[in-house]
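Q: mmCIF, C-alpha atoms, file data36.cif:
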```
data_coords
loop_
_atom_site.label_atom_id
_atom_site.label_comp_id
_atom_site.auth_asym_id
_atom_site.auth_seq_id
_atom_site.Cartn_x
_atom_site.Cartn_y
_atom_site.Cartn_z
CA MET A 1 -8.36 5.71 -1.77
CA ARG A 2 -6.82 3.75 1.09
CA TRP A 3 -3.15 3.99 0.12
CA GLY A 4 -1.15 7.14 0.64
CA VAL A 5 -0.09 9.62 3.29
CA ALA A 6 -0.29 9.05 6.99
CA SER A 7 -2.36 11.44 9.07
CA VAL A 8 -0.65 14.80 9.53
CA SER A 9 -3.60 16.56 11.13
CA SER A 10 -5.44 15.31 14.19
CA GLN A 11 -8.99 14.07 14.04
CA VAL A 12 -11.67 16.35 15.44
CA GLU A 13 -14.05 15.11 18.10
CA ARG A 14 -16.44 18.07 18.14
CA LEU A 15 -17.88 19.90 15.15
CA PRO A 16 -19.11 23.50 15.01
CA GLU A 17 -22.69 23.81 16.17
CA TRP A 18 -23.83 24.81 12.68
CA VAL A 19 -22.69 21.49 11.11
CA THR A 20 -24.63 18.22 11.17
CA PRO A 21 -22.91 15.17 9.61
CA LEU A 22 -24.92 12.39 7.95
CA LEU A 23 -23.01 9.31 6.78
CA ALA A 24 -24.42 7.60 3.68
CA PRO A 25 -24.68 3.77 3.80
CA ASN A 26 -22.30 3.21 0.88
CA ALA A 27 -19.06 2.08 2.50
CA GLY A 28 -16.53 0.45 0.19
CA PRO A 29 -12.92 0.43 -1.01
CA MET A 30 -13.40 3.71 -2.92
CA THR A 31 -15.75 5.43 -0.42
CA LEU A 32 -14.10 4.44 2.89
CA ASP A 33 -16.83 4.52 5.57
CA GLY A 34 -19.31 6.05 3.12
CA THR A 35 -20.03 9.48 1.68
CA ASN A 36 -20.13 12.32 4.20
CA THR A 37 -23.21 14.48 3.70
CA TRP A 38 -23.10 17.80 5.53
CA VAL A 39 -26.14 19.81 6.66
CA LEU A 40 -25.35 23.43 7.55
CA ARG A 41 -27.53 25.83 9.50
CA ALA A 42 -26.49 28.80 11.62
CA PRO A 43 -28.07 28.74 15.11
CA ASP A 44 -30.46 31.57 14.33
CA ALA A 45 -31.29 30.53 10.73
CA GLU A 46 -34.62 29.11 9.64
CA ASP A 47 -33.39 27.23 6.58
CA ALA A 48 -30.49 24.83 6.06
CA VAL A 49 -28.23 23.90 3.15
CA VAL A 50 -26.84 20.47 2.32
CA ILE A 51 -23.47 19.61 0.78
CA ASP A 52 -23.26 16.35 -1.24
CA PRO A 53 -26.53 14.45 -0.71
CA GLY A 54 -24.75 11.24 -1.69
CA PRO A 55 -26.31 8.14 -3.27
CA ASP A 56 -29.97 7.81 -4.21
CA ASP A 57 -30.73 5.89 -1.02
CA ALA A 58 -34.24 6.34 0.37
CA GLY A 59 -33.26 6.15 4.02
CA HIS A 60 -30.33 8.53 3.67
CA LEU A 61 -32.32 11.08 1.70
CA ALA A 62 -35.13 10.89 4.27
CA SER A 63 -32.58 11.69 6.99
CA ILE A 64 -31.49 14.76 5.05
CA ALA A 65 -35.09 15.84 4.47
CA GLU A 66 -35.74 15.79 8.22
CA HIS A 67 -33.64 18.97 8.35
CA ARG A 68 -36.07 20.92 6.13
CA PRO A 69 -36.55 23.63 5.16
CA LEU A 70 -33.51 23.48 2.90
CA SER A 71 -32.67 26.40 0.64
CA ALA A 72 -30.11 24.67 -1.62
CA ILE A 73 -28.27 21.45 -2.41
CA LEU A 74 -24.55 22.05 -3.05
CA ILE A 75 -22.33 19.62 -4.98
CA THR A 76 -18.54 19.32 -4.61
CA HIS A 77 -18.18 17.27 -7.82
CA GLY A 78 -20.13 15.01 -10.11
CA HIS A 79 -19.19 11.49 -8.99
CA HIS A 80 -22.28 9.42 -8.35
CA ASP A 81 -21.53 8.76 -4.69
CA HIS A 82 -21.86 12.51 -4.09
CA VAL A 83 -24.52 13.65 -6.56
CA GLU A 84 -26.72 10.65 -7.38
CA GLY A 85 -29.37 11.52 -4.79
CA ALA A 86 -29.55 15.22 -5.61
CA GLU A 87 -32.41 15.12 -8.09
CA THR A 88 -34.54 12.88 -5.89
CA LEU A 89 -33.88 15.02 -2.83
CA SER A 90 -34.77 18.17 -4.74
CA ARG A 91 -38.11 16.65 -5.72
CA MET A 92 -38.76 15.52 -2.14
CA LEU A 93 -38.24 19.10 -0.99
CA GLY A 94 -40.47 20.71 -3.60
CA GLY A 95 -37.85 21.70 -6.14
CA VAL A 96 -35.00 23.01 -3.98
CA PRO A 97 -32.22 24.16 -6.37
CA VAL A 98 -29.15 21.99 -6.93
CA LEU A 99 -25.99 24.06 -7.45
CA ALA A 100 -22.90 22.54 -9.08
CA ALA A 101 -19.86 23.54 -11.12
CA ASP A 102 -20.84 21.16 -13.92
CA PRO A 103 -24.17 22.14 -15.56
CA LYS A 104 -24.95 18.44 -15.98
CA HIS A 105 -25.54 18.28 -12.25
CA GLY A 106 -27.25 21.55 -11.39
CA ASP A 107 -27.51 25.30 -11.74
CA PRO A 108 -24.31 27.39 -11.73
CA LEU A 109 -22.49 27.96 -8.46
CA PRO A 110 -21.86 31.63 -7.66
CA ALA A 111 -18.45 32.52 -6.24
CA ARG A 112 -20.05 33.51 -2.94
CA MET A 113 -23.38 32.78 -1.32
CA GLN A 114 -25.18 33.59 1.87
CA LEU A 115 -27.32 30.59 2.75
CA ALA A 116 -28.58 29.13 6.01
CA GLY A 117 -27.27 32.20 7.83
CA LEU A 118 -23.71 31.46 6.67
CA ASP A 119 -21.25 33.01 4.23
CA ILE A 120 -20.15 30.35 1.73
CA GLU A 121 -17.19 30.83 -0.61
CA VAL A 122 -16.72 28.51 -3.58
CA VAL A 123 -13.09 27.61 -4.34
CA ALA A 124 -12.39 25.86 -7.65
CA THR A 125 -10.12 22.87 -6.98
CA PRO A 126 -10.01 20.82 -10.20
CA GLY A 127 -7.82 17.77 -10.42
CA HIS A 128 -9.64 14.84 -8.85
CA THR A 129 -12.26 15.71 -11.45
CA GLY A 130 -12.54 18.68 -13.75
CA ASP A 131 -15.53 20.06 -11.83
CA SER A 132 -14.25 19.67 -8.25
CA VAL A 133 -14.83 22.56 -5.85
CA CYS A 134 -14.43 23.15 -2.15
CA PHE A 135 -16.70 25.23 0.06
CA VAL A 136 -15.16 27.57 2.63
CA VAL A 137 -17.64 28.31 5.39
CA GLU A 138 -16.63 30.30 8.47
CA ASP A 139 -13.48 28.54 9.79
CA ALA A 140 -14.05 25.31 7.88
CA VAL A 141 -13.38 23.88 4.42
CA PHE A 142 -15.62 21.21 2.88
CA THR A 143 -13.21 19.42 0.54
CA GLY A 144 -15.28 16.76 -1.23
CA ASP A 145 -12.79 14.25 -2.66
CA THR A 146 -9.99 16.78 -3.21
CA LEU A 147 -8.73 15.96 0.30
CA LEU A 148 -9.88 12.93 2.25
CA GLY A 149 -9.92 12.33 5.97
CA ARG A 150 -7.91 9.14 5.52
CA GLY A 151 -5.52 8.06 2.77
CA THR A 152 -5.29 9.98 -0.50
CA THR A 153 -7.65 10.52 -3.37
CA VAL A 154 -7.37 9.33 -6.95
CA VAL A 155 -6.85 11.63 -9.93
CA ALA A 156 -9.68 10.22 -12.03
CA TRP A 157 -8.07 10.30 -15.49
CA PRO A 158 -9.09 11.36 -18.13
CA ASP A 159 -11.47 13.82 -16.44
CA GLY A 160 -8.97 14.31 -13.64
CA ASP A 161 -5.69 16.11 -14.30
CA LEU A 162 -2.59 15.84 -12.12
CA GLY A 163 -1.23 19.27 -13.01
CA ALA A 164 -4.52 20.88 -12.05
CA TYR A 165 -4.63 18.78 -8.89
CA LEU A 166 -1.17 19.89 -7.75
CA ALA A 167 -2.21 23.51 -8.32
CA SER A 168 -5.37 22.95 -6.28
CA LEU A 169 -3.34 21.49 -3.42
CA GLU A 170 -1.19 24.62 -3.46
CA VAL A 171 -4.38 26.69 -3.15
CA LEU A 172 -5.62 24.63 -0.19
CA ARG A 173 -2.31 24.97 1.65
CA ALA A 174 -3.42 28.54 2.39
CA TYR A 175 -6.42 27.36 4.46
CA PRO A 176 -5.33 26.42 8.01
CA LYS A 177 -8.96 25.68 8.81
CA LEU A 178 -11.06 22.75 9.93
CA MET A 179 -11.27 20.19 7.10
CA LEU A 180 -14.55 18.35 6.50
CA PRO A 181 -13.98 15.83 3.68
CA GLY A 182 -16.26 13.84 1.43
CA HIS A 183 -14.97 10.61 2.96
CA GLY A 184 -13.23 9.76 6.21
CA PRO A 185 -12.88 11.68 9.47
CA VAL A 186 -12.77 15.42 9.98
CA ARG A 187 -9.24 16.87 10.31
CA ALA A 188 -8.08 19.89 12.25
CA ASP A 189 -5.98 21.59 9.55
CA CYS A 190 -6.85 21.60 5.85
CA GLY A 191 -3.62 23.38 4.96
CA ALA A 192 -1.46 20.79 6.68
CA VAL A 193 -3.24 17.93 4.92
CA ALA A 194 -2.85 19.68 1.56
CA ALA A 195 0.88 20.14 2.19
CA ALA A 196 1.26 16.45 3.01
CA TYR A 197 -0.66 15.50 -0.14
CA LEU A 198 1.73 17.66 -2.19
CA ALA A 199 4.78 15.97 -0.71
CA HIS A 200 3.23 12.56 -1.35
CA ARG A 201 2.37 13.36 -4.96
CA ARG A 202 5.88 14.60 -5.66
CA GLU A 203 7.33 11.44 -4.13
CA ARG A 204 5.04 9.35 -6.35
CA LEU A 205 6.16 11.27 -9.42
CA ASP A 206 9.79 10.53 -8.55
CA GLN A 207 8.88 6.85 -8.27
CA VAL A 208 7.15 6.93 -11.66
CA ARG A 209 10.18 8.62 -13.23
CA ALA A 210 12.38 5.86 -11.80
CA ALA A 211 10.01 3.18 -13.08
CA LEU A 212 10.07 4.72 -16.56
CA ALA A 213 13.85 4.82 -16.51
CA ALA A 214 13.87 1.13 -15.55
CA GLY A 215 11.74 0.23 -18.56
CA ALA A 216 8.10 0.43 -17.38
CA GLU A 217 6.15 1.85 -20.32
CA THR A 218 2.45 1.33 -19.60
CA PRO A 219 0.10 2.34 -16.76
CA GLU A 220 -0.20 -1.33 -15.86
CA ALA A 221 3.57 -1.68 -15.59
CA ILE A 222 3.80 1.52 -13.56
CA VAL A 223 1.24 0.16 -11.08
CA ASP A 224 3.21 -3.10 -10.77
CA VAL A 225 6.31 -1.14 -9.75
CA VAL A 226 4.92 1.85 -7.82
CA TYR A 227 1.90 0.21 -6.17
CA PRO A 228 3.11 -3.38 -5.64
CA ASP A 229 0.74 -4.15 -2.76
CA ILE A 230 -2.39 -2.64 -4.28
CA ASP A 231 -5.71 -4.26 -3.41
CA PRO A 232 -6.96 -5.91 -6.62
CA GLY A 233 -10.36 -4.38 -5.99
CA VAL A 234 -9.03 -0.86 -6.49
CA ARG A 235 -6.27 -1.58 -9.01
CA PHE A 236 -8.32 0.15 -11.71
CA ALA A 237 -8.13 3.38 -9.71
CA ALA A 238 -4.36 3.05 -9.35
CA GLU A 239 -4.19 2.70 -13.13
CA TRP A 240 -6.21 5.92 -13.48
CA SER A 241 -3.62 7.64 -11.30
CA ALA A 242 -0.76 6.09 -13.30
CA ARG A 243 -2.28 7.39 -16.54
CA ALA A 244 -2.59 10.84 -14.97
CA GLN A 245 1.03 10.68 -13.83
CA LEU A 246 2.27 9.63 -17.26
CA ASP A 247 0.26 12.39 -18.93
CA TYR A 248 1.70 14.94 -16.49
CA LEU A 249 5.28 13.78 -17.09
CA ARG A 250 4.78 13.77 -20.86
CA ARG A 251 3.60 17.38 -20.79
CA GLU A 252 6.42 18.31 -18.39
CA SER A 253 8.97 16.80 -20.78
CA GLN A 254 7.45 18.65 -23.73
CA ARG A 255 7.61 21.98 -21.89
CA THR A 256 11.25 21.32 -21.00
CA ARG A 257 12.10 20.65 -24.65
CA GLU A 258 10.35 23.90 -25.61
CA GLY A 259 12.27 25.85 -22.99
CA LEU A 260 9.17 26.66 -20.95
CA ASP A 261 8.80 26.70 -17.18
CA PRO A 262 7.90 23.29 -15.69
CA LEU A 263 4.30 22.50 -14.86
#
```
Have the structure of the file written as structure tokens, please.
A:
Amino acid sequence: MRWGVASVSSQVERLPEWVTPLLAPNAGPMTLDGTNTWVLRAPDAEDAVVIDPGPDDAGHLASIAEHRPLSAILITHGHHDHVEGAETLSRMLGGVPVLAADPKHGDPLPARMQLAGLDIEVVATPGHTGDSVCFVVEDAVFTGDTLLGRGTTVVAWPDGDLGAYLASLEVLRAYPKLMLPGHGPVRADCGAVAAAYLAHRRERLDQVRAALAAGAETPEAIVDVVYPDIDPGVRFAAEWSARAQLDYLRRESQRTREGLDPL
């Protein structure tokens, strides 16, 4: 999404030698410059691995296939702009396995893998979607849509969950590593971006609380108050976020009434 936090972590001009970026030709209001596909291969490795093959675009998939042999296709989450091309790419490469948190999109992801001469750790980061994960590789974190290189992401209600998302941001604060997102530029410090996202989300929740107190009762009314300058083309996504915020606050209020710790 284009609205949200300003940059708190500098852009990176040079990537590690084991990373090759490929930008999918699907730029738009929700995808920024397009989906970032990442091809990973250690300098001495024969095979490569790809993260998020992106849309089912013949030219883009052919560009990925040029890096064969590939040992696996890894998926950060199941939105079509990240996973749509996976099945086609797998066929192009003779049945290379697709690995994803959601079984609808591939075989199960192990917690750790050694592929393409690299150690890959899978970190569950639900919130943007229920199946979102990040991949920690060497001194880098591939964040999918959990953290973006520009702006902030949407909590895609009802699959997305704001409470889970806030918890995932807390997890990512502990990774002061290079951040390679699913959209937008690479950032120098994943942990710093996660901390800024947390502050932004808490500020938004305060704004929603104020809007509720002033009489806004629906997601549409919340968007009118909290996102007054929203681009009409992405208003639907702001309403997803508003629904997620309202659901979070409802559950927070219920826990308070029951004498439980806040979310």
Q: When the PyMOL selection byres ((chain A and resi 200-210) around 10) is applied to the file above, which residues end up in the set, as an mmCIF file with C-alpha atoms, keeping the file's coordinate frame?
A:
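Listing of expr_6.cif after writing:
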```cif
data_model
loop_
_atom_site.group_PDB
_atom_site.id
_atom_site.type_symbol
_atom_site.label_atom_id
_atom_site.label_comp_id
_atom_site.auth_asym_id
_atom_site.auth_seq_id
_atom_site.Cartn_x
_atom_site.Cartn_y
_atom_site.Cartn_z
ATOM 1 C CA GLY A 4 -1.150 7.140 0.640
ATOM 2 C CA VAL A 5 -0.090 9.620 3.290
ATOM 3 C CA ALA A 6 -0.290 9.050 6.990
ATOM 4 C CA THR A 152 -5.290 9.980 -0.500
ATOM 5 C CA LEU A 162 -2.590 15.840 -12.120
ATOM 6 C CA TYR A 165 -4.630 18.780 -8.890
ATOM 7 C CA LEU A 166 -1.170 19.890 -7.750
ATOM 8 C CA ALA A 194 -2.850 19.680 1.560
ATOM 9 C CA ALA A 195 0.880 20.140 2.190
ATOM 10 C CA ALA A 196 1.260 16.450 3.010
ATOM 11 C CA TYR A 197 -0.660 15.500 -0.140
ATOM 12 C CA LEU A 198 1.730 17.660 -2.190
ATOM 13 C CA ALA A 199 4.780 15.970 -0.710
ATOM 14 C CA ALA A 211 10.010 3.180 -13.080
ATOM 15 C CA LEU A 212 10.070 4.720 -16.560
ATOM 16 C CA ALA A 213 13.850 4.820 -16.510
ATOM 17 C CA ALA A 214 13.870 1.130 -15.550
ATOM 18 C CA GLY A 215 11.740 0.230 -18.560
ATOM 19 C CA ALA A 216 8.100 0.430 -17.380
ATOM 20 C CA PRO A 219 0.100 2.340 -16.760
ATOM 21 C CA ILE A 222 3.800 1.520 -13.560
ATOM 22 C CA VAL A 223 1.240 0.160 -11.080
ATOM 23 C CA VAL A 225 6.310 -1.140 -9.750
ATOM 24 C CA VAL A 226 4.920 1.850 -7.820
ATOM 25 C CA TYR A 227 1.900 0.210 -6.170
ATOM 26 C CA ALA A 242 -0.760 6.090 -13.300
ATOM 27 C CA GLN A 245 1.030 10.680 -13.830
ATOM 28 C CA LEU A 246 2.270 9.630 -17.260
ATOM 29 C CA TYR A 248 1.700 14.940 -16.490
ATOM 30 C CA LEU A 249 5.280 13.780 -17.090
#
```
Q: Any idea what's packed within 8 Å of A:Leu93, counting all atoms listed in the file, ignoring anything in its chain fewer than 2 positions away? Could you give it as a ChimeraX atom specification?
A: /A:65,68-70,89-91,95-96
Q: If you count only C-alpha atoms, which residues fall within 6 Å of stretch 39-51 of chain A, apart from same-chain ones fewer than 5 positions away, as a PyMOL selection string?
A: chain A and resi 18-20+69-75+116-117
Q: If you count all atoms listed in the file, which residues fall within 7 Å of A:Gly184, apart from same-chain ones fewer than 3 positions away, as a ChimeraX atom specification?
A: /A:32-33,148-150,181
Q: Using only C-alpha atoms, can you tell me which of A:Ala221, A:Val171, A:Val83, A:Ala27 comes closest to A:Asp102?
A: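 Among the listed residues, A:Val83 lies closest to A:Asp102.
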Q: What is the atom CA of A:Thr35 to atom CA of A:Pro228 distance in Å?
A: 27.5 Å
Q: Could you jot down the atom CA of A:Gly182 to atom CA of A:Leu109 separation for me, Å, one decimal place?
A: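 Value for the atom CA of A:Gly182-atom CA of A:Leu109 distance: 18.3 Å.
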Q: For A:Val136, which of A:His67, A:Arg112, A:Lys104, A:Arg251 is the closest residue, counting all atoms listed in the file?
A: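 Using all atoms listed in the file, the shortest distance to A:Val136 belongs to A:Arg112.
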Q: Please indicate the distance in Å from atom CA of A:Phe142 to atom CA of A:Glu66, rounded to one decimal place.
A: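 Atom CA of A:Glu66 lies 21.5 Å from atom CA of A:Phe142.
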Q: Identify which of the residues A:Gly85, A:Gly144, A:Gly130, A:Pro97 lies closest to A:Ala62, counting only C-alpha atoms when measuring atom-to-atom distances.
A: A:Gly85
Q: Quick one: of A:Gly106, A:Pro21, A:Gly259, A:Gly151, who's nearest to A:His77, counting all atoms listed in the file?
A: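 Checking each of A:Gly106, A:Pro21, A:Gly259, A:Gly151 against A:His77, counting all atoms listed in the file, the winner is A:Gly106.
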Q: Is it possible to get the axis-aligned box enclosing stretch 132-140 of chain A (all listed atoms, 8 Å extra per side) as AutoDock Vina command-line options, with centre and edge lengths in Å rounded to one decimal?
A:
```
--center_x -15.6 --center_y 25.0 --center_z 0.8 --size_x 20.2 --size_y 26.6 --size_z 34.0
```
Q: Name the residues in contact with stretch 175-180 of chain A at a cut-off of 6 Å, using all atoms listed in the file, excluding same-chain residues fewer than 4 positions from it; report them as a PyMOL selection string.
A: chain A and resi 139-142+186-191
Q: Generate a file of the selected residues that holds C-alpha atoms, formatted as an mmCIF file, in the coordinates of the input.
A:
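Final output, saved to again-v3.cif:
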```
data_model
loop_
_atom_site.group_PDB
_atom_site.id
_atom_site.type_symbol
_atom_site.label_atom_id
_atom_site.label_comp_id
_atom_site.auth_asym_id
_atom_site.auth_seq_id
_atom_site.Cartn_x
_atom_site.Cartn_y
_atom_site.Cartn_z
ATOM 1 C CA ASP A 139 -13.480 28.540 9.790
ATOM 2 C CA ALA A 140 -14.050 25.310 7.880
ATOM 3 C CA VAL A 141 -13.380 23.880 4.420
ATOM 4 C CA PHE A 142 -15.620 21.210 2.880
ATOM 5 C CA VAL A 186 -12.770 15.420 9.980
ATOM 6 C CA ARG A 187 -9.240 16.870 10.310
ATOM 7 C CA ALA A 188 -8.080 19.890 12.250
ATOM 8 C CA ASP A 189 -5.980 21.590 9.550
ATOM 9 C CA CYS A 190 -6.850 21.600 5.850
ATOM 10 C CA GLY A 191 -3.620 23.380 4.960
#
```
Q: Identify which of the residues A:Thr153, A:Leu172, A:Ala86, A:Val234 lies closest to A:Ala124, counting all atoms listed in the file when measuring atom-to-atom distances.
A: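 Residue with the minimum atom-to-atom distance to A:Ala124: A:Leu172.
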Q: Give me, as a list in words, all polymer residues having an atom no more than 7 Å from A:Ala156, counting only C-alpha atoms and skipping those fewer than 2 positions away in the same chain.
A: His128, Thr129, Val154, Pro158, Asp159, Gly160, Trp240 and Ser241 of chain A
Q: For A:Pro126, which of A:Val98, A:Val155, A:Ala164, A:Met113 is the closest residue, counting all atoms listed in the file?
A: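 Among the listed residues, the smallest separation from A:Pro126 belongs to A:Ala164.
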Q: What would the selection look like, as a list in words, if the PyMOL selection byres ((chain A and resi 121) around 7) were run on the coordinates I just shared?
A: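 Output of the PyMOL selection byres ((chain A and resi 121) around 7): Ala111, Arg112, Met113, Asp119, Ile120, Val122, Val123, Phe135, Val136 and Val137 of chain A.
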Q: Since the input lacks some atoms of stretch 166-190 of chain A, please model N, CA and C atoms and print them as a JSON list (two decimals), keeping the file's coordinate frame.
A:
```json
[["chain", "number", "residue", "atom", "x", "y", "z"],
["A", 166, "LEU", "N", -2.28, 19.32, -8.51],
["A", 166, "LEU", "CA", -1.17, 19.89, -7.75],
["A", 166, "LEU", "C", -1.40, 21.38, -7.50],
["A", 167, "ALA", "N", -1.91, 22.09, -8.50],
["A", 167, "ALA", "CA", -2.21, 23.51, -8.32],
["A", 167, "ALA", "C", -3.30, 23.71, -7.28],
["A", 168, "SER", "N", -4.29, 22.84, -7.27],
["A", 168, "SER", "CA", -5.37, 22.95, -6.28],
["A", 168, "SER", "C", -4.85, 22.69, -4.87],
["A", 169, "LEU", "N", -3.94, 21.74, -4.73],
["A", 169, "LEU", "CA", -3.34, 21.49, -3.42],
["A", 169, "LEU", "C", -2.57, 22.71, -2.93],
["A", 170, "GLU", "N", -1.88, 23.39, -3.83],
["A", 170, "GLU", "CA", -1.19, 24.62, -3.46],
["A", 170, "GLU", "C", -2.19, 25.66, -2.94],
["A", 171, "VAL", "N", -3.34, 25.75, -3.60],
["A", 171, "VAL", "CA", -4.38, 26.69, -3.15],
["A", 171, "VAL", "C", -4.83, 26.33, -1.73],
["A", 172, "LEU", "N", -5.08, 25.05, -1.48],
["A", 172, "LEU", "CA", -5.62, 24.63, -0.19],
["A", 172, "LEU", "C", -4.61, 24.71, 0.94],
["A", 173, "ARG", "N", -3.32, 24.78, 0.61],
["A", 173, "ARG", "CA", -2.31, 24.97, 1.65],
["A", 173, "ARG", "C", -2.54, 26.28, 2.41],
["A", 174, "ALA", "N", -3.21, 27.22, 1.78],
["A", 174, "ALA", "CA", -3.42, 28.54, 2.39],
["A", 174, "ALA", "C", -4.63, 28.57, 3.32],
["A", 175, "TYR", "N", -5.23, 27.41, 3.62],
["A", 175, "TYR", "CA", -6.42, 27.36, 4.46],
["A", 175, "TYR", "C", -6.14, 26.54, 5.72],
["A", 176, "PRO", "N", -5.55, 27.14, 6.75],
["A", 176, "PRO", "CA", -5.33, 26.42, 8.01],
["A", 176, "PRO", "C", -6.63, 26.36, 8.82],
["A", 177, "LYS", "N", -7.62, 25.73, 8.24],
["A", 177, "LYS", "CA", -8.96, 25.68, 8.81],
["A", 177, "LYS", "C", -9.39, 24.24, 9.01],
["A", 178, "LEU", "N", -10.46, 24.05, 9.75],
["A", 178, "LEU", "CA", -11.06, 22.75, 9.93],
["A", 178, "LEU", "C", -11.38, 22.13, 8.57],
["A", 179, "MET", "N", -11.05, 20.86, 8.38],
["A", 179, "MET", "CA", -11.27, 20.19, 7.10],
["A", 179, "MET", "C", -12.35, 19.13, 7.24],
["A", 180, "LEU", "N", -13.43, 19.30, 6.48],
["A", 180, "LEU", "CA", -14.55, 18.35, 6.50],
["A", 180, "LEU", "C", -14.62, 17.70, 5.12],
["A", 181, "PRO", "N", -14.14, 16.47, 5.00],
["A", 181, "PRO", "CA", -13.98, 15.83, 3.68],
["A", 181, "PRO", "C", -15.22, 15.08, 3.23],
["A", 182, "GLY", "N", -15.17, 14.64, 1.98],
["A", 182, "GLY", "CA", -16.26, 13.84, 1.43],
["A", 182, "GLY", "C", -16.26, 12.41, 1.92],
["A", 183, "HIS", "N", -15.10, 11.95, 2.41],
["A", 183, "HIS", "CA", -14.97, 10.61, 2.96],
["A", 183, "HIS", "C", -13.94, 10.64, 4.08],
["A", 184, "GLY", "N", -14.17, 9.85, 5.11],
["A", 184, "GLY", "CA", -13.23, 9.76, 6.21],
["A", 184, "GLY", "C", -13.47, 10.81, 7.27],
["A", 185, "PRO", "N", -12.65, 10.80, 8.32],
["A", 185, "PRO", "CA", -12.88, 11.68, 9.47],
["A", 185, "PRO", "C", -12.52, 13.13, 9.20],
["A", 186, "VAL", "N", -13.09, 14.01, 10.01],
["A", 186, "VAL", "CA", -12.77, 15.42, 9.98],
["A", 186, "VAL", "C", -11.34, 15.61, 10.50],
["A", 187, "ARG", "N", -10.60, 16.56, 9.88],
["A", 187, "ARG", "CA", -9.24, 16.87, 10.31],
["A", 187, "ARG", "C", -9.15, 18.32, 10.76],
["A", 188, "ALA", "N", -8.17, 18.57, 11.62],
["A", 188, "ALA", "CA", -8.08, 19.89, 12.25],
["A", 188, "ALA", "C", -7.52, 20.96, 11.33],
["A", 189, "ASP", "N", -6.71, 20.59, 10.32],
["A", 189, "ASP", "CA", -5.98, 21.59, 9.55],
["A", 189, "ASP", "C", -5.94, 21.22, 8.08],
["A", 190, "CYS", "N", -6.80, 21.84, 7.30],
["A", 190, "CYS", "CA", -6.85, 21.60, 5.85],
["A", 190, "CYS", "C", -5.51, 21.90, 5.20]]
```
